[in-house]
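Asker: Here you go, this is input.txt (compact mmCIF, C-alpha atoms and all ligand atoms).
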# COMPACT_ATOMS: atom_id res chain seq x y z
CA MET A 1220 1.37 19.11 48.73
CA LYS A 1221 3.70 20.09 51.58
CA THR A 1222 5.29 23.56 51.54
CA ILE A 1223 8.63 24.46 53.07
CA LEU A 1224 9.62 28.08 53.61
CA VAL A 1225 13.37 28.78 53.45
CA LEU A 1226 14.12 32.29 54.69
CA GLY A 1227 17.26 33.73 53.08
CA ALA A 1228 19.23 32.57 50.03
CA GLY A 1229 22.65 32.95 51.60
CA THR A 1230 24.99 30.10 52.54
CA GLY A 1231 22.64 28.19 54.86
CA GLY A 1232 19.46 28.85 52.87
CA ILE A 1233 20.94 27.69 49.57
CA VAL A 1234 22.25 24.43 51.04
CA THR A 1235 18.94 23.77 52.81
CA ALA A 1236 16.86 24.40 49.68
CA ARG A 1237 19.10 22.33 47.37
CA GLU A 1238 19.21 19.41 49.84
CA LEU A 1239 15.43 19.55 50.35
CA SER A 1240 14.89 19.52 46.63
CA LYS A 1241 17.18 16.52 46.19
CA ARG A 1242 15.63 14.58 49.07
CA SER A 1243 12.01 15.26 48.17
CA GLY A 1244 12.33 13.92 44.61
CA ASN A 1245 11.68 17.27 42.92
CA GLU A 1246 12.99 17.53 39.37
CA GLU A 1247 12.89 20.19 36.68
CA ASP A 1248 9.23 19.53 35.76
CA ILE A 1249 8.11 17.47 38.74
CA THR A 1250 7.33 19.22 41.99
CA LEU A 1251 6.44 16.87 44.83
CA VAL A 1252 7.22 19.36 47.56
CA LYS A 1253 6.88 23.12 47.28
CA ILE A 1254 10.14 24.78 48.35
CA LEU A 1255 9.87 28.56 48.56
CA VAL A 1256 13.11 30.49 49.07
CA PHE A 1257 12.77 34.13 50.19
CA GLU A 1258 15.54 36.59 49.34
CA LYS A 1259 15.78 40.40 49.24
CA GLU A 1260 19.01 40.78 47.23
CA GLU A 1261 19.36 40.50 43.44
CA THR A 1262 22.96 39.33 43.76
CA SER A 1263 24.51 36.59 45.85
CA VAL A 1264 28.06 37.31 47.06
CA TYR A 1265 30.51 34.57 48.07
CA SER A 1266 31.89 36.24 51.23
CA PRO A 1267 34.98 34.05 51.88
CA SER A 1268 36.52 35.64 48.76
CA LEU A 1269 36.09 39.26 49.95
CA PRO A 1270 39.62 39.46 51.44
CA TRP A 1271 40.94 38.58 47.94
CA VAL A 1272 38.86 41.44 46.50
CA MET A 1273 40.57 43.83 48.96
CA VAL A 1274 43.95 43.10 47.38
CA GLY A 1275 42.79 42.75 43.77
CA LYS A 1276 43.06 38.96 43.61
CA SER A 1277 39.34 38.45 42.90
CA LYS A 1278 36.90 40.36 40.75
CA GLN A 1279 33.19 40.99 41.29
CA GLU A 1280 32.15 38.72 38.40
CA GLU A 1281 34.10 35.78 39.89
CA ILE A 1282 32.44 35.90 43.31
CA THR A 1283 28.83 36.86 42.54
CA GLU A 1284 25.81 35.33 40.85
CA ARG A 1285 22.23 36.46 40.24
CA THR A 1286 19.92 35.03 42.91
CA ASP A 1287 17.22 34.27 40.34
CA LYS A 1288 19.55 31.64 38.86
CA LEU A 1289 18.75 29.54 41.94
CA ASP A 1290 15.22 29.21 40.61
CA ALA A 1291 15.59 25.67 39.24
CA SER A 1292 15.28 22.00 40.13
CA GLY A 1293 12.14 22.21 42.17
CA LEU A 1294 12.62 25.37 44.14
CA GLU A 1295 11.14 28.79 43.67
CA VAL A 1296 12.77 32.08 44.68
CA ILE A 1297 10.39 34.73 46.03
CA LYS A 1298 12.15 38.06 45.67
CA GLY A 1299 11.65 40.86 48.14
CA GLU A 1300 12.19 41.81 51.74
CA ILE A 1301 10.44 39.61 54.29
CA GLU A 1302 8.29 42.08 56.23
CA ASN A 1303 6.84 39.80 58.84
CA ILE A 1304 7.48 36.33 60.26
CA ASP A 1305 4.86 34.42 62.24
CA PRO A 1306 6.58 31.31 63.62
CA GLN A 1307 3.43 30.17 65.43
CA ASN A 1308 1.54 29.83 62.16
CA ILE A 1309 4.64 29.09 60.01
CA SER A 1310 4.06 32.02 57.69
CA VAL A 1311 5.91 35.00 56.25
CA THR A 1312 4.79 38.18 54.50
CA VAL A 1313 6.57 39.67 51.47
CA LYS A 1314 5.26 42.73 49.60
CA GLY A 1315 2.03 42.41 51.57
CA LYS A 1316 1.42 38.80 50.48
CA GLN A 1317 1.34 36.03 53.04
CA TYR A 1318 2.96 32.62 52.41
CA GLN A 1319 2.06 29.65 54.60
CA GLY A 1320 4.19 26.54 55.09
CA ASP A 1321 4.38 23.22 56.93
CA HIS A 1322 8.02 23.70 57.87
CA MET A 1323 10.17 26.82 58.05
CA VAL A 1324 13.98 27.22 58.04
CA VAL A 1325 15.30 30.66 59.03
CA SER A 1326 18.74 31.50 57.64
CA LEU A 1327 18.69 35.30 57.48
CA GLY A 1328 22.27 35.85 58.68
CA VAL A 1329 23.27 39.02 60.53
CA ALA A 1330 22.29 42.61 59.84
CA GLN A 1331 25.21 45.05 59.70
CA ALA A 1332 25.12 48.39 61.51
CA ASP A 1333 27.55 51.31 61.54
CA ILE A 1334 27.28 52.57 65.12
CA TYR A 1335 30.54 54.59 65.07
CA ASN A 1336 30.00 56.29 61.71
CA LEU A 1337 32.98 54.35 60.37
CA ALA A 1338 31.79 54.49 56.74
CA GLN A 1339 32.79 58.14 56.68
CA PHE A 1340 36.43 57.26 57.37
CA GLY A 1341 37.11 53.73 56.12
CA HIS A 1342 35.90 50.67 54.24
CA ASN A 1343 33.56 47.94 55.49
CA PHE A 1344 35.24 44.91 53.94
CA PHE A 1345 32.33 42.68 55.03
CA THR A 1346 30.50 44.03 51.95
CA LEU A 1347 31.47 43.74 48.29
CA ASN A 1348 31.45 47.54 47.80
CA GLY A 1349 33.60 48.08 50.87
CA ALA A 1350 36.17 45.47 49.78
CA GLN A 1351 36.28 46.99 46.26
CA ASP A 1352 36.66 50.55 47.58
CA PHE A 1353 39.45 49.44 49.88
CA HIS A 1354 41.26 47.95 46.89
CA SER A 1355 40.88 51.20 44.90
CA GLU A 1356 42.55 53.08 47.77
CA LEU A 1357 45.25 50.44 48.27
CA LYS A 1358 46.27 50.72 44.60
CA LYS A 1359 46.95 54.44 45.12
CA PHE A 1360 48.62 53.95 48.52
CA ASP A 1361 52.27 54.98 48.68
CA GLY A 1362 53.06 54.17 52.30
CA GLY A 1363 51.81 55.01 55.79
CA GLU A 1364 49.60 53.44 58.47
CA ILE A 1365 47.07 50.78 57.46
CA ALA A 1366 44.57 49.86 60.18
CA ILE A 1367 42.28 46.82 60.27
CA LEU A 1368 39.65 47.32 62.93
CA VAL A 1369 37.23 44.86 64.51
CA SER A 1370 34.64 47.36 65.64
CA SER A 1371 32.47 45.08 67.76
CA LEU A 1372 31.85 41.51 68.95
CA PRO A 1373 30.61 39.02 67.95
CA PHE A 1374 31.44 39.07 64.25
CA LYS A 1375 31.12 36.37 61.60
CA SER A 1376 34.18 34.64 60.21
CA PRO A 1377 36.49 35.42 63.16
CA ALA A 1378 39.53 34.70 60.97
CA ALA A 1379 38.61 37.23 58.22
CA PRO A 1380 40.35 40.32 59.73
CA TYR A 1381 43.54 38.27 60.20
CA GLU A 1382 43.34 37.01 56.60
CA ALA A 1383 42.83 40.59 55.42
CA ALA A 1384 45.90 41.75 57.40
CA MET A 1385 48.13 39.00 55.97
CA LEU A 1386 46.94 39.54 52.38
CA ILE A 1387 47.50 43.30 52.71
CA GLU A 1388 51.02 42.64 54.04
CA ASP A 1389 51.66 40.47 50.97
CA PHE A 1390 50.43 43.27 48.67
CA VAL A 1391 52.48 45.93 50.46
CA ARG A 1392 55.67 43.82 50.30
CA LYS A 1393 55.20 42.96 46.61
CA ASN A 1394 54.70 46.63 45.85
CA LYS A 1395 57.89 47.53 47.73
CA LEU A 1396 56.06 49.66 50.30
CA SER A 1397 57.08 47.64 53.39
CA LYS A 1398 59.78 50.07 54.53
CA ASN A 1399 57.41 52.99 55.01
CA THR A 1400 54.21 51.08 55.87
CA THR A 1401 52.84 49.73 59.15
CA ILE A 1402 49.91 47.29 59.25
CA SER A 1403 48.03 47.13 62.57
CA LEU A 1404 45.06 45.05 63.67
CA TYR A 1405 42.90 46.37 66.52
CA THR A 1406 40.28 44.16 68.17
CA PRO A 1407 38.25 43.89 71.41
CA GLU A 1408 39.10 40.15 71.50
CA ALA A 1409 41.63 39.01 74.09
CA ASP A 1410 43.19 36.66 71.52
CA PRO A 1411 42.54 35.72 67.88
CA MET A 1412 39.94 33.00 67.27
CA GLU A 1413 39.33 32.46 71.00
CA PHE A 1414 36.78 29.73 70.25
CA ALA A 1415 39.55 27.58 68.77
CA GLY A 1416 41.57 27.28 71.95
CA ALA A 1417 44.96 28.59 73.06
CA GLU A 1418 47.11 26.61 70.63
CA ALA A 1419 45.51 27.81 67.37
CA SER A 1420 45.30 31.33 68.78
CA GLN A 1421 49.03 31.30 69.50
CA GLU A 1422 49.83 29.93 65.99
CA LEU A 1423 47.96 32.81 64.43
CA LYS A 1424 49.65 35.39 66.65
CA GLU A 1425 53.06 34.01 65.72
CA LEU A 1426 52.17 34.18 62.04
CA LEU A 1427 51.21 37.85 62.40
CA GLU A 1428 54.42 38.60 64.25
CA LYS A 1429 56.55 36.89 61.60
CA LYS A 1430 54.96 39.10 58.98
CA GLY A 1431 55.54 42.25 61.03
CA ILE A 1432 51.81 42.89 61.53
CA LYS A 1433 51.14 44.74 64.78
CA TYR A 1434 48.44 43.16 66.89
CA TYR A 1435 46.41 45.11 69.47
CA PRO A 1436 43.99 42.81 71.39
CA ASN A 1437 41.63 44.16 74.10
CA HIS A 1438 41.12 47.33 72.06
CA GLU A 1439 37.49 48.36 72.04
CA LEU A 1440 36.73 51.38 69.88
CA LYS A 1441 35.49 54.52 71.62
CA THR A 1442 35.45 56.99 68.79
CA ILE A 1443 36.97 57.74 65.39
CA SER A 1444 37.98 60.93 63.62
CA GLY A 1445 39.59 61.74 60.26
CA ASN A 1446 42.91 60.10 61.13
CA THR A 1447 42.70 58.78 64.70
CA LEU A 1448 41.18 55.72 66.35
CA GLU A 1449 40.49 56.23 70.04
CA PHE A 1450 39.97 53.20 72.28
CA ASN A 1451 38.22 52.71 75.62
CA ASN A 1452 41.53 51.77 77.27
CA GLY A 1453 42.73 55.35 76.73
CA GLU A 1454 45.07 54.57 73.83
CA SER A 1455 44.80 56.22 70.44
CA TYR A 1456 46.48 55.52 67.10
CA SER A 1457 46.59 57.30 63.79
CA TYR A 1458 45.81 55.70 60.44
CA ASP A 1459 45.92 56.62 56.75
CA LEU A 1460 43.87 53.75 55.34
CA LEU A 1461 41.19 51.88 57.29
CA ALA A 1462 39.34 48.57 56.76
CA TYR A 1463 36.77 47.62 59.40
CA THR A 1464 34.18 45.04 60.37
CA PRO A 1465 30.71 46.47 61.17
CA LYS A 1466 28.57 45.78 64.23
CA HIS A 1467 26.56 42.58 63.74
CA GLN A 1468 22.97 42.42 64.96
CA LEU A 1469 19.69 40.56 64.49
CA PRO A 1470 17.74 41.48 61.34
CA ALA A 1471 14.86 43.79 62.31
CA VAL A 1472 12.25 41.31 61.07
CA ILE A 1473 13.54 38.73 63.58
CA GLU A 1474 13.71 41.30 66.34
CA LYS A 1475 9.98 41.95 66.05
CA SER A 1476 9.05 38.25 65.71
CA ASN A 1477 8.93 35.93 68.71
CA LEU A 1478 12.08 34.19 67.51
CA SER A 1479 14.73 36.29 69.24
CA GLY A 1480 15.93 34.62 72.40
CA THR A 1481 17.62 35.58 75.64
CA SER A 1482 21.05 35.31 73.94
CA GLY A 1483 20.20 38.26 71.68
CA TRP A 1484 20.17 35.83 68.73
CA VAL A 1485 17.83 32.98 67.81
CA ASP A 1486 18.12 30.21 70.39
CA VAL A 1487 17.97 26.69 68.99
CA ASP A 1488 18.42 23.11 70.10
CA ASN A 1489 22.14 22.53 69.51
CA LYS A 1490 21.56 19.14 67.87
CA THR A 1491 18.38 19.56 65.81
CA LEU A 1492 18.47 23.36 65.25
CA GLU A 1493 14.77 23.48 66.07
CA THR A 1494 13.52 26.70 67.69
CA SER A 1495 10.95 26.76 70.47
CA PHE A 1496 8.28 26.62 67.71
CA LYS A 1497 7.42 23.22 66.28
CA ASN A 1498 8.72 22.63 62.73
CA VAL A 1499 10.52 25.98 62.76
CA TYR A 1500 14.32 25.77 62.50
CA ALA A 1501 17.06 28.40 62.51
CA ILE A 1502 20.57 27.89 61.17
CA GLY A 1503 23.76 29.81 60.45
CA ASP A 1504 24.88 33.22 61.69
CA ILE A 1505 21.50 34.18 63.14
CA THR A 1506 21.68 31.48 65.78
CA HIS A 1507 23.34 31.23 69.15
CA VAL A 1508 24.59 27.67 69.47
CA ILE A 1509 26.21 26.56 72.70
CA THR A 1510 28.16 23.34 72.43
CA GLN A 1511 27.84 20.56 74.99
CA ASN A 1512 30.74 21.91 77.02
CA GLY A 1513 29.53 25.49 77.02
CA ALA A 1514 31.51 27.04 74.13
CA VAL A 1515 29.67 29.46 71.83
CA LEU A 1516 29.99 28.35 68.21
CA PRO A 1517 31.59 30.92 65.86
CA LYS A 1518 29.50 32.32 63.03
CA ILE A 1519 31.07 30.63 59.99
CA GLY A 1520 29.69 29.39 56.69
CA VAL A 1521 31.03 25.89 57.27
CA PHE A 1522 28.49 25.44 60.07
CA ALA A 1523 25.65 27.18 58.19
CA ARG A 1524 26.16 24.59 55.42
CA GLN A 1525 26.32 21.60 57.77
CA GLN A 1526 23.28 22.76 59.72
CA GLY A 1527 21.33 23.28 56.48
CA ALA A 1528 22.08 19.70 55.39
CA VAL A 1529 21.02 18.25 58.78
CA VAL A 1530 17.77 20.23 58.88
CA ALA A 1531 16.88 19.34 55.27
CA HIS A 1532 17.48 15.66 55.98
CA ASN A 1533 15.31 15.72 59.09
CA ILE A 1534 12.47 17.62 57.41
CA ALA A 1535 12.49 15.07 54.57
CA LYS A 1536 12.25 12.29 57.16
CA LYS A 1537 9.33 14.01 58.89
CA MET A 1538 7.52 14.42 55.57
CA ALA A 1539 7.95 10.69 54.94
CA ASN A 1540 6.50 10.01 58.41
CA GLN A 1541 9.86 8.72 59.64
CA GLU A 1542 11.89 9.70 62.68
CA PRO A 1543 14.40 12.55 62.07
CA ASP A 1544 17.74 10.84 62.69
CA GLN A 1545 20.55 13.33 62.02
CA THR A 1546 22.14 15.63 64.55
CA PHE A 1547 24.52 18.54 64.07
CA MET A 1548 28.12 17.97 65.19
CA PRO A 1549 30.24 21.11 65.61
CA GLU A 1550 33.22 19.78 63.70
CA GLY A 1551 34.74 21.12 60.56
CA LYS A 1552 37.55 22.93 58.84
CA TYR A 1553 38.17 26.06 56.84
CA PHE A 1554 41.12 27.83 55.28
CA ILE A 1555 42.85 30.98 56.49
CA GLU A 1556 44.66 32.89 53.75
CA ALA A 1557 48.16 33.85 54.83
CA GLY A 1558 49.52 35.62 51.73
CA GLU A 1559 52.28 34.32 49.41
CA GLY A 1560 49.67 32.09 47.73
CA LYS A 1561 49.29 29.97 50.87
CA ALA A 1562 46.49 29.20 53.33
CA SER A 1563 46.30 27.33 56.65
CA GLU A 1564 43.83 24.52 57.09
CA THR A 1565 42.17 25.17 60.43
CA GLY A 1566 39.73 22.77 62.00
CA GLY A 1567 38.78 20.09 64.44
CA LYS A 1568 36.26 19.59 67.20
CA PHE A 1569 34.85 23.02 68.05
CA SER A 1570 32.84 21.63 70.97
CA GLU A 1571 36.08 20.70 72.74
CA GLN A 1572 37.97 23.84 71.69
CA ASN A 1573 40.29 21.37 70.00
CA VAL A 1574 40.95 23.23 66.77
CA LYS A 1575 44.31 22.95 65.06
CA MET A 1576 45.85 25.43 62.66
CA LYS A 1577 48.29 23.94 60.14
CA THR A 1578 51.28 25.69 58.61
CA PRO A 1579 50.20 27.77 55.60
CA ALA A 1580 50.58 25.77 52.37
CA GLN A 1581 49.87 26.21 48.67
CA TRP A 1582 47.35 23.37 48.61
CA GLY A 1583 45.36 25.21 51.32
CA HIS A 1584 45.11 28.26 49.07
CA PHE A 1585 44.09 26.05 46.15
CA SER A 1586 41.42 24.33 48.29
CA LYS A 1587 39.92 27.69 49.23
CA TRP A 1588 39.88 28.76 45.58
CA TRP A 1589 38.27 25.45 44.61
CA ASP A 1590 35.57 25.81 47.31
CA GLU A 1591 34.49 29.07 45.66
CA LYS A 1592 34.38 27.58 42.15
CA PHE A 1593 32.52 24.47 43.31
CA TRP A 1594 29.97 26.54 45.28
CA PHE A 1595 28.85 28.36 42.14
CA PHE A 1596 29.03 25.27 39.92
CA LYS A 1597 26.89 23.23 42.33
CA ASN A 1598 24.29 25.81 43.29
CA PHE A 1599 23.68 28.23 40.40
C1 LIG B 1 34.80 38.72 54.72
C2 LIG B 1 34.18 37.41 55.08
C3 LIG B 1 34.92 36.23 54.96
C4 LIG B 1 34.36 35.02 55.30
N1 LIG B 1 35.12 33.87 55.19
C5 LIG B 1 34.60 32.68 55.54
C6 LIG B 1 35.37 31.47 55.38
O1 LIG B 1 36.49 31.49 54.89
N2 LIG B 1 34.80 30.31 55.77
C7 LIG B 1 33.55 30.27 56.32
O2 LIG B 1 33.09 29.17 56.66
N3 LIG B 1 32.80 31.38 56.47
C8 LIG B 1 33.29 32.58 56.09
N4 LIG B 1 32.53 33.72 56.23
C9 LIG B 1 31.24 33.66 56.95
C10 LIG B 1 30.10 33.17 56.06
O3 LIG B 1 29.98 33.98 54.92
C11 LIG B 1 28.80 33.22 56.89
O4 LIG B 1 29.01 32.55 58.10
C12 LIG B 1 27.65 32.55 56.14
O5 LIG B 1 27.37 33.25 54.96
C13 LIG B 1 26.40 32.47 57.01
O6 LIG B 1 25.33 31.94 56.29
P1 LIG B 1 23.83 32.36 56.64
O7 LIG B 1 22.97 31.57 55.72
O8 LIG B 1 23.62 32.25 58.10
O9 LIG B 1 23.74 33.91 56.31
P2 LIG B 1 24.00 34.67 54.94
O10 LIG B 1 24.89 33.89 54.05
O11 LIG B 1 24.41 36.04 55.32
O12 LIG B 1 22.57 34.71 54.26
C14 LIG B 1 21.49 35.47 54.75
C15 LIG B 1 20.59 35.83 53.57
O13 LIG B 1 19.34 36.32 54.06
C16 LIG B 1 18.95 37.45 53.28
N5 LIG B 1 18.05 38.28 54.08
C17 LIG B 1 18.30 38.88 55.26
N6 LIG B 1 17.22 39.54 55.72
C18 LIG B 1 16.23 39.35 54.80
C19 LIG B 1 14.86 39.78 54.70
N7 LIG B 1 14.27 40.53 55.65
N8 LIG B 1 14.15 39.38 53.60
C20 LIG B 1 14.72 38.60 52.63
N9 LIG B 1 16.01 38.18 52.68
C21 LIG B 1 16.76 38.55 53.75
C22 LIG B 1 20.28 38.12 52.96
O14 LIG B 1 20.18 38.99 51.84
C23 LIG B 1 21.19 36.92 52.71
O15 LIG B 1 21.22 36.52 51.36
C24 LIG B 1 33.03 34.96 55.81
C25 LIG B 1 32.28 36.14 55.91
C26 LIG B 1 32.83 37.36 55.55
C27 LIG B 1 32.01 38.62 55.64
The structure given in the file should be rewritten as structure tokens.
Ligand SMILES: Cc1cc2nc3c(=O)[nH]c(=O)nc-3n(C[C@H](O)[C@H](O)[C@H](O)COP(=O)(O)OP(=O)(O)OC[C@H]3O[C@@H](n4cnc5c(N)ncnc54)[C@H](O)[C@@H]3O)c2cc1C
Answerer:
Amino acid sequence: MKTILVLGAGTGGIVTARELSKRSGNEEDITLVKILVFEKEETSVYSPSLPWVMVGKSKQEEITERTDKLDASGLEVIKGEIENIDPQNISVTVKGKQYQGDHMVVSLGVAQADIYNLAQFGHNFFTLNGAQDFHSELKKFDGGEIAILVSSLPFKSPAAPYEAAMLIEDFVRKNKLSKNTTISLYTPEADPMEFAGAEASQELKELLEKKGIKYYPNHELKTISGNTLEFNNGESYSYDLLAYTPKHQLPAVIEKSNLSGTSGWVDVDNKTLETSFKNVYAIGDITHVITQNGAVLPKIGVFARQQGAVVAHNIAKKMANQEPDQTFMPEGKYFIEAGEGKASETGGKFSEQNVKMKTPAQWGHFSKWWDEKFWFFKNF
């Protein structure tokens, strides 16, 4: 029996494992292909809903599930931290035990690091705890300076800080704190969502301006103290409440494997997602995908899902001794929350930097809410 190792039960790993299971004919009591999913966390968090948690619009129980609930329909979850990956021999080690496979799909996402000691002063809203703690502080807030800080590049979900800013503005206005509150967004980026092209970037900037959110591009953090952010361009600003994105880096286990490439991430073929090792694929945030016209693909769940489906399809073909015939196309859409119960559909051809951002609408907000519900219904 063939064995497939799926590394990580996050967005990409879950889609890959479910698709593999479906395509290989596995059922509840019939296992034709062994699909082993490796995951270190007990709980799976649906990250696109974290900005809602920051403003009290989502609760922990709505956006989390136990990872062992994935253990059904022909796949098996191996719990524990992957200690070693050997792509040459298609094997991984967990709790000292080695698992060997015929194919391997790496979807371990990014590791987060706090290089500026930001946790001492603010809230990392790229974690559930950080988003919850921010909300606890926001509830007590009675006016002042709120800062949203992008602490380093690249970061996943390039729209998330902008969503957070607009949702916070909505909260502040509804709680009648607008008069004595300033919301500012500081980032090293030259423009928001640069990958999308100038038009979408401009749309987003105009939206921020309309809402009175101050935007500070080209601001790279130098240091932070109890109430001041100091930037490399010499400017400094005070804050009372801080939400930040952490530094994103390769998980240590990838760093010490032979999988890390010259890009600093895992280099893959941009169509098949295969690494330089035969039958070893990498998908999602851990990869560095350069589109045909040279643009670097943003780290978003939409692409982790699409890549997982392509890779699962092609592995199933290989197992049936057929030619793999699907390729990944960097096209897709996602929703940017804009407050007032509305969200903007944003999408298009990412390879051509032809990404459009629509006017925020209620149906966009509903679609984002539905995506979350359907994700849990389908996968857990
Ligand atoms: C605040 C926020 C908002 C977002 N909003 C959106 C959005 O609206 N739309 C969108 O498309 N994307 C969004 N994203 C991005 C999206 O969540 C990621 O792009 C997506 O989850 C990437 O999938 P992945 O499989 O590559 O990594 P992940 O989903 O991060 O999965 C990696 C998994 O690997 C596990 N793992 C790591 N190391 C090990 C190890 N050594 N051993 C065992 N297990 C390990 C981790 O625990 C994790 O479960 C958002 C992200 C954040 C933080």
Asker: Take CA of Glu1422 in chain A and CA of Gly1520 in chain A and report the distance between them in Å, one decimal.
Answerer: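 Distance reported for this atom pair: 22.2 Å.
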Asker: How close does each residue of range 1296-1372 of chain A get to range 1457-1478 of chain A, giving the shortest atom pair and distance in Å to one decimal for every residue with an atom at most 10 Å away, counting only C-alpha atoms, sorted by chain and residue number, as JSON lines?
Answerer:
{"residue": "A:Glu1300", "atom": "CA", "partner": "A:Val1472", "partner_atom": "CA", "distance": 9.3}
{"residue": "A:Ile1301", "atom": "CA", "partner": "A:Val1472", "partner_atom": "CA", "distance": 7.2}
{"residue": "A:Glu1302", "atom": "CA", "partner": "A:Val1472", "partner_atom": "CA", "distance": 6.3}
{"residue": "A:Asn1303", "atom": "CA", "partner": "A:Val1472", "partner_atom": "CA", "distance": 6.0}
{"residue": "A:Ile1304", "atom": "CA", "partner": "A:Ser1476", "partner_atom": "CA", "distance": 6.0}
{"residue": "A:Asp1305", "atom": "CA", "partner": "A:Ser1476", "partner_atom": "CA", "distance": 6.7}
{"residue": "A:Pro1306", "atom": "CA", "partner": "A:Asn1477", "partner_atom": "CA", "distance": 7.3}
{"residue": "A:Gln1307", "atom": "CA", "partner": "A:Asn1477", "partner_atom": "CA", "distance": 8.6}
{"residue": "A:Val1325", "atom": "CA", "partner": "A:Ile1473", "partner_atom": "CA", "distance": 9.4}
{"residue": "A:Leu1327", "atom": "CA", "partner": "A:Pro1470", "partner_atom": "CA", "distance": 7.3}
{"residue": "A:Gly1328", "atom": "CA", "partner": "A:Pro1470", "partner_atom": "CA", "distance": 7.7}
{"residue": "A:Val1329", "atom": "CA", "partner": "A:Leu1469", "partner_atom": "CA", "distance": 5.6}
{"residue": "A:Ala1330", "atom": "CA", "partner": "A:Pro1470", "partner_atom": "CA", "distance": 4.9}
{"residue": "A:Gln1331", "atom": "CA", "partner": "A:His1467", "partner_atom": "CA", "distance": 4.9}
{"residue": "A:Ala1332", "atom": "CA", "partner": "A:Lys1466", "partner_atom": "CA", "distance": 5.1}
{"residue": "A:Asp1333", "atom": "CA", "partner": "A:Pro1465", "partner_atom": "CA", "distance": 5.8}
{"residue": "A:Ile1334", "atom": "CA", "partner": "A:Lys1466", "partner_atom": "CA", "distance": 7.0}
{"residue": "A:Tyr1335", "atom": "CA", "partner": "A:Pro1465", "partner_atom": "CA", "distance": 9.0}
{"residue": "A:Asn1336", "atom": "CA", "partner": "A:Pro1465", "partner_atom": "CA", "distance": 9.9}
{"residue": "A:Leu1337", "atom": "CA", "partner": "A:Tyr1463", "partner_atom": "CA", "distance": 7.8}
{"residue": "A:Ala1338", "atom": "CA", "partner": "A:Tyr1463", "partner_atom": "CA", "distance": 8.9}
{"residue": "A:Phe1340", "atom": "CA", "partner": "A:Leu1461", "partner_atom": "CA", "distance": 7.2}
{"residue": "A:Gly1341", "atom": "CA", "partner": "A:Leu1461", "partner_atom": "CA", "distance": 4.6}
{"residue": "A:His1342", "atom": "CA", "partner": "A:Ala1462", "partner_atom": "CA", "distance": 4.8}
{"residue": "A:Asn1343", "atom": "CA", "partner": "A:Tyr1463", "partner_atom": "CA", "distance": 5.1}
{"residue": "A:Phe1344", "atom": "CA", "partner": "A:Ala1462", "partner_atom": "CA", "distance": 6.2}
{"residue": "A:Phe1345", "atom": "CA", "partner": "A:Thr1464", "partner_atom": "CA", "distance": 6.1}
{"residue": "A:Thr1346", "atom": "CA", "partner": "A:Thr1464", "partner_atom": "CA", "distance": 9.2}
{"residue": "A:Gly1349", "atom": "CA", "partner": "A:Ala1462", "partner_atom": "CA", "distance": 8.2}
{"residue": "A:Ala1350", "atom": "CA", "partner": "A:Ala1462", "partner_atom": "CA", "distance": 8.3}
{"residue": "A:Asp1352", "atom": "CA", "partner": "A:Ala1462", "partner_atom": "CA", "distance": 9.8}
{"residue": "A:Phe1353", "atom": "CA", "partner": "A:Ala1462", "partner_atom": "CA", "distance": 6.9}
{"residue": "A:Glu1356", "atom": "CA", "partner": "A:Leu1460", "partner_atom": "CA", "distance": 7.7}
{"residue": "A:Leu1357", "atom": "CA", "partner": "A:Leu1460", "partner_atom": "CA", "distance": 7.9}
{"residue": "A:Phe1360", "atom": "CA", "partner": "A:Leu1460", "partner_atom": "CA", "distance": 8.3}
{"residue": "A:Gly1362", "atom": "CA", "partner": "A:Asp1459", "partner_atom": "CA", "distance": 8.8}
{"residue": "A:Gly1363", "atom": "CA", "partner": "A:Asp1459", "partner_atom": "CA", "distance": 6.2}
{"residue": "A:Glu1364", "atom": "CA", "partner": "A:Tyr1458", "partner_atom": "CA", "distance": 4.8}
{"residue": "A:Ile1365", "atom": "CA", "partner": "A:Leu1460", "partner_atom": "CA", "distance": 4.9}
{"residue": "A:Ala1366", "atom": "CA", "partner": "A:Leu1461", "partner_atom": "CA", "distance": 4.9}
{"residue": "A:Ile1367", "atom": "CA", "partner": "A:Ala1462", "partner_atom": "CA", "distance": 4.9}
{"residue": "A:Leu1368", "atom": "CA", "partner": "A:Tyr1463", "partner_atom": "CA", "distance": 4.6}
{"residue": "A:Val1369", "atom": "CA", "partner": "A:Thr1464", "partner_atom": "CA", "distance": 5.1}
{"residue": "A:Ser1370", "atom": "CA", "partner": "A:Thr1464", "partner_atom": "CA", "distance": 5.8}
{"residue": "A:Ser1371", "atom": "CA", "partner": "A:Lys1466", "partner_atom": "CA", "distance": 5.3}
{"residue": "A:Leu1372", "atom": "CA", "partner": "A:Lys1466", "partner_atom": "CA", "distance": 7.2}
Asker: Quick one: pull the distance between CA of Val1529 in chain A and CA of Ile1254 in chain A, Å, one decimal.
Answerer: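 Spanning CA of Val1529 in chain A to CA of Ile1254 in chain A is a straight-line distance of 16.4 Å.
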Asker: At a cut-off of 8 Å and counting only C-alpha atoms and all ligand atoms, what residues surround ligand LIG 1 (chain B)? Please answer as a ChimeraX atom specification.
Answerer: /A:1226-1233,1257-1260,1263,1265-1270,1298-1302,1313,1326-1330,1344-1346,1375-1376,1378-1380,1470-1472,1502-1506,1518-1524,1552-1555,1587
Asker: Near Leu1423 in chain A, within 12 Å and counting all atoms listed in the file, which residues show up once chain neighbours fewer than 4 positions away are dropped, as a ChimeraX atom specification?
Answerer: /A:1377-1378,1380-1382,1384-1385,1410-1413,1415-1419,1427-1430,1432,1434,1555-1557,1562-1565,1575-1579
Asker: Draw an axis-aligned box over all listed atoms of range 1559-1576 of chain A, pad each side with 6 Å, and write its centre and edge lengths in Å, one decimal, as lines of an AutoDock Vina configuration file.
Answerer:
center_x = 42.6
center_y = 27.0
center_z = 60.2
size_x = 31.4
size_y = 26.7
size_z = 37.0
